[in-house]
Amino acid sequence: MTDTQNPLTLYNSLTRAKEPFVPQDPKRVTMYNCGPTVYSYAHIGNARAAVVADVLFRVLRHIYGEDHVVYARNITDVDDRIIQSAKETGKPISEITEKYARIYNEDLAALNCLPPTVQPHATKHIEDMVVMISELMEKGHAYASDGHVFFDVSTYDAYGKLSGNTLDALRGGDRVGEGEVARKKNAADFVLWKPELDGVGWDAPFGRGRPGWHIECSAMAKATLGDVIDIHCGGVDLKFPHHENEIAQSCCANEEQVFANYWVHNEFLNMARPDGQSEKMSKSLGNVTLVHDLLKEWDGEVIRLALLKAHYRSELNWSEDLLKESKENLASAYRYKARAMELQKLTTDVLFGFDIALYNDLGVLEAIRDIIFSSGEVFQVTNKIAHGEDISWGEARIVEQYLNSYNLLGLLQKDPEDWFKGGASGDEAAEFDAIALRRQEARAAKDWAAADVARDEATAKGIVLEDGPDGTTWRKA
């Protein structure tokens with residue numbers, strides 16, 4: 001059900017304005033997000049797009065109900081880079097794509113991203129792509145040339161509306177990456193079908209070959225969501241040419257005025273430099289940061305919160321300091337959760353104190369500030385619980401609201417004790433428990449020197465000992 005008091009608004013890249021979100025059918029809200037090309041590990045910039053889409057997915061599920069939101073995030077498992085990787089490594093394409101698709105999903109799960117409702121694979125929708133290309137050719141929007149099929153951009157008057165790249169501006173030369181000028185009618189035409197490469201190809205009426213990148217998403221979106229979808233997400237780097245081309249071929253093939261009613265684009269993630277400046281993440285600069293590597297050192301929720309530390313339409317400067325700050329933020333929040341869990345009265349559908357901010361174009365930063373502002377009240381309530389004092393219904397709702405607000409952001413999803421132990425193995429946990437017990441016993445005996453020795457031993461092993469009325473506990477530093 002919708003919330004009429006706090007309607008969701010989204011900045012629509014297509015209209016360049018913030019608009020109230022009105023789905024075509026409130027009982028089937030559709031959302032598409034461009035997924036990875038699975039030939040290598042995903043970097044942190046890829047993760048930002050996924051986390052932004054996940055927050056939106058969670059918000060939509062909260063407003064319309066979990067069963068009424070259909071979210072598709074594809075897997076591109078046919079691509080020239082995949083073919084090249086198979087050629088270089090001597091491994092079957094399926095082995096490469098299955099490996100990196102699995103790792104991608106595991107990495108996103110570690111960042112608390114919910115699985116999409118459907119995850120179409122490009123190789124499972126080749127027939128849908130062939131049908132769409134055939135329709136475009138029949139309707140005069142595409143043509144064959146030297147084993148290729150190209151989309152004729154001159155047949156679609158609205159081309160460039162999303163990105164601002166008009167046909168007049170594009171006629172000056174070929175776009176980077178196409179390299180097919182001699183085969184095209186117009187320099188801006190883009191490829192829909194390419195000849196077979198190194199034995200990788202499928203039969204089609206226009207020749208054996210493989211699909212172009214853009215047609216894949218159009219065909220998969222249509223097959224899983226329909227001709228016109230409510231929301232299309234993705235990084236701003238995909239706005240042109242990928243999303244622009246999706247619109248052109250989808251609208252022309254489906255004979256619709258629009259492909260997606262709302263376009264939600266997140267900005268770039270930049271890498272902070274030691275001098276305080278920032279730079280784009282690129283292989284040439286050697287600063288590409290992989291999610292898979294970060295997860296070896298940082299909890300997934302820490303990475304997720306760091307990715308939410310800037311509004312999705314603003315650039316985000318990535319640094320280790322940002323991760324450290326996010327870890328401290330979560331440590332405080334988990335302390336409150338540990339106390340609040342004693343309520344045993346939590347529900348999954350409550351009134352959110354921060355919904356106005358979050359419903360306003362995913363104002364995550366403002367929403368987080370609202371949660372932090374409520375932390376003082378939460379502390380007072382949980383402190384009363386800790387001392388065995390009775391609390392009112394209203395006080396219980398404060399804690400309830402606090403926890404469920406974090407849940408909507410995909411944070412505080414773990415048991416506090418597990419989070420503080422940071423994935424320590426059974427043997428490590430036993431060792432750390434023994435150190436904590438030695439300090440507890442030393443403090444009880446007022447042997448301060450022995451207590452300090454235990455503390456220093458803990459520090460050397462990367463854990464922090466915390467003394468409380470119920471004894472000494474430990475957590476990962």
# chains A, B, ... in the order shown; residues from 1 in each chain; ligands from 1
>>> residues_around(residues="region 83-93 of chain A", least_positions_apart="5", cutoff="9 Å", atoms="only C-alpha atoms", output="list of chain:residue names")
A:Tyr39, A:Asp77, A:Val78, A:Glu98, A:Leu197, A:Asp198, A:Val200
>>> write_last_selection(atoms="N, CA and C atoms", output="CSV table (one decimal), in the first residue's frame")
chain,number,residue,atom,x,y,z
A,39,TYR,N,33.4,-11.5,-16.3
A,39,TYR,CA,34.7,-12.0,-16.8
A,39,TYR,C,35.8,-11.7,-15.7
A,77,ASP,N,26.6,-12.6,-19.8
A,77,ASP,CA,27.5,-13.7,-19.9
A,77,ASP,C,27.9,-14.0,-21.3
A,78,VAL,N,27.7,-13.1,-22.2
A,78,VAL,CA,28.3,-13.2,-23.6
A,78,VAL,C,28.8,-11.8,-23.9
A,98,GLU,N,30.3,-18.5,-14.9
A,98,GLU,CA,29.6,-19.0,-13.7
A,98,GLU,C,30.4,-18.7,-12.5
A,197,LEU,N,32.5,-15.1,-33.3
A,197,LEU,CA,33.9,-14.8,-33.0
A,197,LEU,C,34.5,-16.0,-32.2
A,198,ASP,N,35.6,-16.6,-32.8
A,198,ASP,CA,36.3,-17.7,-32.1
A,198,ASP,C,35.3,-18.8,-31.7
A,200,VAL,N,32.1,-18.6,-31.1
A,200,VAL,CA,31.0,-18.2,-30.2
A,200,VAL,C,30.0,-17.6,-31.1
>>> residues_around(residues="Glu457 (chain A)", least_positions_apart="2", cutoff="12 Å", atoms="only C-alpha atoms", output="short mmCIF file (atom, residue, chain, number, x, y, z; two decimals) with N, CA, C and O atoms, in the first residue's frame")
data_model
loop_
_atom_site.label_atom_id
_atom_site.label_comp_id
_atom_site.auth_asym_id
_atom_site.auth_seq_id
_atom_site.Cartn_x
_atom_site.Cartn_y
_atom_site.Cartn_z
N GLU A 431 40.44 -18.29 22.36
CA GLU A 431 41.64 -17.60 22.84
C GLU A 431 41.30 -16.21 23.37
O GLU A 431 41.76 -15.81 24.45
N PHE A 432 40.44 -15.49 22.65
CA PHE A 432 40.08 -14.14 23.07
C PHE A 432 39.21 -14.18 24.33
O PHE A 432 39.32 -13.29 25.19
N ALA A 434 39.52 -16.32 26.68
CA ALA A 434 40.45 -16.58 27.78
C ALA A 434 41.16 -15.31 28.22
O ALA A 434 41.36 -15.07 29.42
N ILE A 435 41.55 -14.47 27.24
CA ILE A 435 42.22 -13.21 27.57
C ILE A 435 41.26 -12.30 28.34
O ILE A 435 41.63 -11.67 29.34
N ALA A 436 40.00 -12.22 27.86
CA ALA A 436 39.00 -11.39 28.54
C ALA A 436 38.75 -11.89 29.95
O ALA A 436 38.61 -11.08 30.90
N ARG A 438 40.90 -13.52 31.88
CA ARG A 438 42.07 -13.19 32.71
C ARG A 438 41.99 -11.74 33.19
O ARG A 438 42.31 -11.44 34.34
N ARG A 439 41.59 -10.84 32.30
CA ARG A 439 41.47 -9.45 32.72
C ARG A 439 40.34 -9.29 33.74
O ARG A 439 40.49 -8.57 34.74
N ALA A 450 48.30 -7.22 36.26
CA ALA A 450 47.87 -8.38 35.46
C ALA A 450 46.76 -7.97 34.50
O ALA A 450 46.69 -8.45 33.36
N ALA A 451 45.88 -7.07 34.95
CA ALA A 451 44.80 -6.59 34.09
C ALA A 451 45.37 -5.85 32.88
O ALA A 451 44.89 -6.00 31.76
N ASP A 452 46.43 -5.05 33.12
CA ASP A 452 47.06 -4.31 32.04
C ASP A 452 47.76 -5.25 31.06
O ASP A 452 47.77 -5.02 29.84
N VAL A 453 48.36 -6.33 31.58
CA VAL A 453 49.02 -7.31 30.72
C VAL A 453 48.00 -7.95 29.77
O VAL A 453 48.25 -8.11 28.56
N ALA A 454 46.84 -8.31 30.32
CA ALA A 454 45.79 -8.90 29.49
C ALA A 454 45.32 -7.92 28.42
O ALA A 454 45.11 -8.28 27.27
N ARG A 455 45.17 -6.65 28.82
CA ARG A 455 44.74 -5.63 27.85
C ARG A 455 45.76 -5.48 26.74
O ARG A 455 45.40 -5.40 25.55
N THR A 459 45.38 -6.11 22.69
CA THR A 459 45.69 -5.10 21.68
C THR A 459 46.62 -5.67 20.62
O THR A 459 46.43 -5.41 19.42
N ALA A 460 47.61 -6.46 21.04
CA ALA A 460 48.56 -7.05 20.11
C ALA A 460 47.88 -8.02 19.15
O ALA A 460 48.35 -8.23 18.02
N LYS A 461 46.78 -8.60 19.59
CA LYS A 461 46.07 -9.58 18.76
C LYS A 461 44.92 -8.95 17.97
O LYS A 461 44.14 -9.64 17.33
N GLY A 462 44.82 -7.62 18.04
CA GLY A 462 43.82 -6.92 17.24
C GLY A 462 42.42 -6.93 17.81
O GLY A 462 41.45 -6.80 17.07
N ILE A 463 42.29 -7.07 19.13
CA ILE A 463 40.97 -7.02 19.75
C ILE A 463 40.95 -5.96 20.84
O ILE A 463 42.00 -5.54 21.34
N VAL A 464 39.75 -5.53 21.18
CA VAL A 464 39.56 -4.51 22.22
C VAL A 464 38.78 -5.15 23.36
O VAL A 464 37.74 -5.78 23.14
N LEU A 465 39.28 -5.00 24.60
CA LEU A 465 38.57 -5.51 25.77
C LEU A 465 37.71 -4.39 26.34
O LEU A 465 38.15 -3.25 26.45
#
>>> closest_atom_pairs(of="region 124-170 of chain A", to="region 216-239 of chain A", cutoff="9 Å", atoms="only C-alpha atoms", output="tab-separated table")
residue	atom	partner	partner_atom	distance
A:His125	CA	A:Met220	CA	6.5
A:Ile126	CA	A:Glu216	CA	8.0
A:Asp128	CA	A:Ala219	CA	5.7
A:Met129	CA	A:Ala219	CA	5.3
A:Val130	CA	A:Ala219	CA	8.9
A:Val131	CA	A:Ala219	CA	8.8
A:Met132	CA	A:Ala219	CA	6.9
A:Leu162	CA	A:Lys239	CA	7.2
A:Ser163	CA	A:Lys239	CA	6.1
>>> residues_around(residues="Glu135 (chain A)", least_positions_apart="4", cutoff="9 Å", atoms="only C-alpha atoms", output="list in words")
Val130, Val131, Lys139, Gly140, His141, Ala142, Cys252, Ala253 and Asn254 of chain A
>>> residues_around(residues="Lys414 (chain A)", least_positions_apart="6", cutoff="10 Å", atoms="only C-alpha atoms", output="ChimeraX atom specification")
/A:112,301,334,337,420
>>> write_last_selection(atoms="C-alpha atoms", output="mmCIF file, in the first residue's frame")
data_model
loop_
_atom_site.group_PDB
_atom_site.id
_atom_site.type_symbol
_atom_site.label_atom_id
_atom_site.label_comp_id
_atom_site.auth_asym_id
_atom_site.auth_seq_id
_atom_site.Cartn_x
_atom_site.Cartn_y
_atom_site.Cartn_z
ATOM 1 C CA ASN A 112 23.438 -6.919 2.513
ATOM 2 C CA GLU A 301 28.081 -3.567 6.432
ATOM 3 C CA TYR A 334 25.225 -2.143 17.316
ATOM 4 C CA LYS A 337 20.858 -2.767 19.088
ATOM 5 C CA PHE A 420 31.629 -7.326 17.200
#
>>> select_by_dssp(residues="region 19-168 of chain A", states="strand (DSSP E)", output="VMD selection string")
chain A and resid 19 to 20 29 to 33 69 to 73 142 to 145 148 to 151
>>> closest_residue(among="A:Ile133, A:Leu305, A:Ala187, A:Ile44", to="Ser250 (chain A)", atoms="only C-alpha atoms")
A:Ile133
>>> select_by_dssp(residues="region 157-330 of chain A", states="alpha helix (DSSP H)", output="PyMOL selection string")
chain A and resi 167-170+213-225+244-254+291-294+300-307+320-330
>>> write_last_selection(atoms="N, CA and C atoms", output="compact mmCIF listing (two decimals), in the first residue's frame")
# COMPACT_ATOMS: atom_id res chain seq x y z
N LEU A 167 21.63 14.01 -32.35
CA LEU A 167 22.15 13.42 -33.59
C LEU A 167 23.09 14.37 -34.31
N ASP A 168 22.76 15.66 -34.27
CA ASP A 168 23.63 16.64 -34.93
C ASP A 168 25.02 16.63 -34.32
N ALA A 169 25.09 16.50 -33.00
CA ALA A 169 26.38 16.49 -32.33
C ALA A 169 27.15 15.21 -32.63
N LEU A 170 26.42 14.12 -32.85
CA LEU A 170 27.06 12.83 -33.08
C LEU A 170 27.50 12.63 -34.52
N TRP A 213 25.98 -5.42 -27.03
CA TRP A 213 25.73 -5.24 -25.60
C TRP A 213 24.35 -4.62 -25.34
N HIS A 214 23.99 -3.60 -26.09
CA HIS A 214 22.79 -2.82 -25.77
C HIS A 214 21.51 -3.64 -25.94
N ILE A 215 21.45 -4.45 -26.99
CA ILE A 215 20.23 -5.21 -27.26
C ILE A 215 19.96 -6.23 -26.16
N GLU A 216 21.00 -6.66 -25.47
CA GLU A 216 20.84 -7.67 -24.43
C GLU A 216 19.90 -7.17 -23.33
N CYS A 217 20.16 -5.96 -22.82
CA CYS A 217 19.35 -5.44 -21.71
C CYS A 217 17.92 -5.16 -22.16
N SER A 218 17.75 -4.64 -23.37
CA SER A 218 16.40 -4.39 -23.86
C SER A 218 15.58 -5.67 -23.92
N ALA A 219 16.18 -6.73 -24.44
CA ALA A 219 15.47 -8.00 -24.58
C ALA A 219 15.19 -8.63 -23.22
N MET A 220 16.16 -8.57 -22.32
CA MET A 220 15.95 -9.17 -21.00
C MET A 220 14.93 -8.39 -20.17
N ALA A 221 14.95 -7.06 -20.28
CA ALA A 221 13.98 -6.25 -19.55
C ALA A 221 12.57 -6.55 -20.05
N LYS A 222 12.41 -6.66 -21.36
CA LYS A 222 11.09 -6.95 -21.93
C LYS A 222 10.61 -8.34 -21.50
N ALA A 223 11.51 -9.31 -21.54
CA ALA A 223 11.13 -10.69 -21.22
C ALA A 223 10.73 -10.85 -19.75
N THR A 224 11.35 -10.09 -18.86
CA THR A 224 11.11 -10.28 -17.43
C THR A 224 10.14 -9.26 -16.83
N LEU A 225 10.06 -8.06 -17.44
CA LEU A 225 9.26 -6.99 -16.83
C LEU A 225 8.16 -6.45 -17.73
N GLU A 244 20.93 5.16 -23.53
CA GLU A 244 20.35 5.88 -24.67
C GLU A 244 19.96 4.90 -25.77
N ASN A 245 20.82 3.92 -26.00
CA ASN A 245 20.55 2.93 -27.04
C ASN A 245 19.46 1.94 -26.64
N GLU A 246 19.39 1.63 -25.35
CA GLU A 246 18.29 0.79 -24.87
C GLU A 246 16.94 1.44 -25.18
N ILE A 247 16.85 2.74 -24.89
CA ILE A 247 15.60 3.47 -25.13
C ILE A 247 15.23 3.41 -26.61
N ALA A 248 16.19 3.71 -27.48
CA ALA A 248 15.92 3.78 -28.91
C ALA A 248 15.41 2.44 -29.44
N GLN A 249 16.13 1.37 -29.15
CA GLN A 249 15.75 0.08 -29.74
C GLN A 249 14.48 -0.48 -29.10
N SER A 250 14.29 -0.24 -27.79
CA SER A 250 13.09 -0.74 -27.12
C SER A 250 11.83 -0.02 -27.58
N CYS A 251 11.91 1.31 -27.65
CA CYS A 251 10.75 2.09 -28.08
C CYS A 251 10.36 1.75 -29.52
N CYS A 252 11.35 1.59 -30.37
CA CYS A 252 11.07 1.30 -31.78
C CYS A 252 10.56 -0.13 -31.97
N ALA A 253 11.13 -1.08 -31.27
CA ALA A 253 10.69 -2.47 -31.41
C ALA A 253 9.31 -2.67 -30.82
N ASN A 254 9.06 -2.05 -29.65
CA ASN A 254 7.80 -2.25 -28.95
C ASN A 254 6.71 -1.26 -29.36
N VAL A 291 35.68 -5.17 -4.71
CA VAL A 291 34.83 -5.50 -3.57
C VAL A 291 35.35 -6.77 -2.89
N HIS A 292 35.73 -7.74 -3.69
CA HIS A 292 36.19 -9.02 -3.17
C HIS A 292 37.40 -8.84 -2.24
N ASP A 293 38.30 -7.93 -2.60
CA ASP A 293 39.47 -7.68 -1.76
C ASP A 293 39.10 -6.91 -0.50
N LEU A 294 38.22 -5.92 -0.63
CA LEU A 294 37.80 -5.14 0.54
C LEU A 294 37.16 -6.02 1.60
N GLY A 300 31.12 -6.39 5.55
CA GLY A 300 30.31 -5.91 4.43
C GLY A 300 29.43 -4.73 4.79
N GLU A 301 28.93 -4.69 6.03
CA GLU A 301 28.08 -3.57 6.43
C GLU A 301 28.87 -2.27 6.53
N VAL A 302 30.13 -2.37 6.89
CA VAL A 302 30.98 -1.18 6.92
C VAL A 302 31.13 -0.61 5.51
N ILE A 303 31.37 -1.48 4.56
CA ILE A 303 31.49 -1.06 3.16
C ILE A 303 30.18 -0.46 2.68
N ARG A 304 29.08 -1.10 3.03
CA ARG A 304 27.76 -0.60 2.59
C ARG A 304 27.50 0.80 3.15
N LEU A 305 27.73 0.99 4.44
CA LEU A 305 27.49 2.31 5.02
C LEU A 305 28.40 3.35 4.38
N ALA A 306 29.66 3.00 4.12
CA ALA A 306 30.57 3.94 3.47
C ALA A 306 30.04 4.34 2.09
N LEU A 307 29.44 3.39 1.37
CA LEU A 307 28.89 3.68 0.05
C LEU A 307 27.67 4.59 0.12
N GLU A 320 40.22 5.03 3.03
CA GLU A 320 40.25 4.18 4.21
C GLU A 320 39.66 4.91 5.41
N ASP A 321 39.84 6.23 5.47
CA ASP A 321 39.25 7.01 6.56
C ASP A 321 37.73 6.91 6.55
N LEU A 322 37.15 6.88 5.34
CA LEU A 322 35.70 6.74 5.22
C LEU A 322 35.25 5.40 5.79
N LEU A 323 36.02 4.36 5.54
CA LEU A 323 35.70 3.03 6.07
C LEU A 323 35.84 3.01 7.59
N LYS A 324 36.89 3.62 8.11
CA LYS A 324 37.09 3.66 9.56
C LYS A 324 35.95 4.40 10.24
N GLU A 325 35.55 5.53 9.68
CA GLU A 325 34.45 6.31 10.24
C GLU A 325 33.16 5.49 10.23
N SER A 326 32.92 4.79 9.14
CA SER A 326 31.70 3.98 9.02
C SER A 326 31.71 2.83 10.03
N LYS A 327 32.87 2.26 10.27
CA LYS A 327 32.96 1.18 11.25
C LYS A 327 32.63 1.68 12.64
N GLU A 328 33.12 2.86 13.00
CA GLU A 328 32.81 3.43 14.31
C GLU A 328 31.32 3.76 14.43
N ASN A 329 30.74 4.27 13.35
CA ASN A 329 29.30 4.55 13.34
C ASN A 329 28.50 3.27 13.63
N LEU A 330 28.88 2.19 12.98
CA LEU A 330 28.16 0.93 13.17
C LEU A 330 28.41 0.34 14.55
>>> decode(residues="region 435-452 of chain A", atoms="N, CA, C and O atoms", output="tab-separated table (two decimals), in the first residue's frame")
chain	number	residue	atom	x	y	z
A	435	ILE	N	41.55	-14.47	27.24
A	435	ILE	CA	42.22	-13.21	27.57
A	435	ILE	C	41.26	-12.30	28.34
A	435	ILE	O	41.63	-11.67	29.34
A	436	ALA	N	40.00	-12.22	27.86
A	436	ALA	CA	39.00	-11.39	28.54
A	436	ALA	C	38.75	-11.89	29.95
A	436	ALA	O	38.61	-11.08	30.90
A	437	LEU	N	38.71	-13.21	30.13
A	437	LEU	CA	38.50	-13.78	31.46
A	437	LEU	C	39.66	-13.46	32.39
A	437	LEU	O	39.46	-13.14	33.59
A	438	ARG	N	40.90	-13.52	31.88
A	438	ARG	CA	42.07	-13.19	32.71
A	438	ARG	C	41.99	-11.74	33.19
A	438	ARG	O	42.31	-11.44	34.34
A	439	ARG	N	41.59	-10.84	32.30
A	439	ARG	CA	41.47	-9.45	32.72
A	439	ARG	C	40.34	-9.29	33.74
A	439	ARG	O	40.49	-8.57	34.74
A	440	GLN	N	39.24	-9.97	33.51
A	440	GLN	CA	38.11	-9.88	34.44
A	440	GLN	C	38.50	-10.35	35.84
A	440	GLN	O	38.19	-9.70	36.85
A	441	GLU	N	39.20	-11.49	35.88
A	441	GLU	CA	39.62	-12.04	37.17
A	441	GLU	C	40.67	-11.14	37.83
A	441	GLU	O	40.65	-10.96	39.06
A	442	ALA	N	41.57	-10.57	37.01
A	442	ALA	CA	42.59	-9.68	37.57
A	442	ALA	C	41.94	-8.43	38.15
A	442	ALA	O	42.35	-7.95	39.24
A	443	ARG	N	40.95	-7.89	37.47
A	443	ARG	CA	40.27	-6.70	37.97
A	443	ARG	C	39.50	-7.02	39.26
A	443	ARG	O	39.48	-6.21	40.20
A	444	ALA	N	38.91	-8.21	39.29
A	444	ALA	CA	38.17	-8.61	40.50
A	444	ALA	C	39.12	-8.73	41.69
A	444	ALA	O	38.75	-8.41	42.84
A	445	ALA	N	40.35	-9.19	41.41
A	445	ALA	CA	41.35	-9.33	42.48
A	445	ALA	C	42.13	-8.04	42.70
A	445	ALA	O	43.06	-8.02	43.53
A	446	LYS	N	41.77	-7.00	41.95
A	446	LYS	CA	42.46	-5.70	42.00
A	446	LYS	C	43.94	-5.83	41.70
A	446	LYS	O	44.79	-5.10	42.23
A	447	ASP	N	44.26	-6.79	40.83
A	447	ASP	CA	45.64	-6.98	40.36
A	447	ASP	C	45.75	-6.17	39.05
A	447	ASP	O	45.65	-6.71	37.95
A	448	TRP	N	45.96	-4.87	39.19
A	448	TRP	CA	45.91	-3.97	38.04
A	448	TRP	C	47.04	-4.24	37.04
A	448	TRP	O	46.85	-4.06	35.83
A	449	ALA	N	48.17	-4.70	37.53
A	449	ALA	CA	49.28	-5.00	36.63
A	449	ALA	C	48.90	-6.15	35.70
A	449	ALA	O	49.14	-6.11	34.49
A	450	ALA	N	48.30	-7.22	36.26
A	450	ALA	CA	47.87	-8.38	35.46
A	450	ALA	C	46.76	-7.97	34.50
A	450	ALA	O	46.69	-8.45	33.36
A	451	ALA	N	45.88	-7.07	34.95
A	451	ALA	CA	44.80	-6.59	34.09
A	451	ALA	C	45.37	-5.85	32.88
A	451	ALA	O	44.89	-6.00	31.76
A	452	ASP	N	46.43	-5.05	33.12
A	452	ASP	CA	47.06	-4.31	32.04
A	452	ASP	C	47.76	-5.25	31.06
A	452	ASP	O	47.77	-5.02	29.84
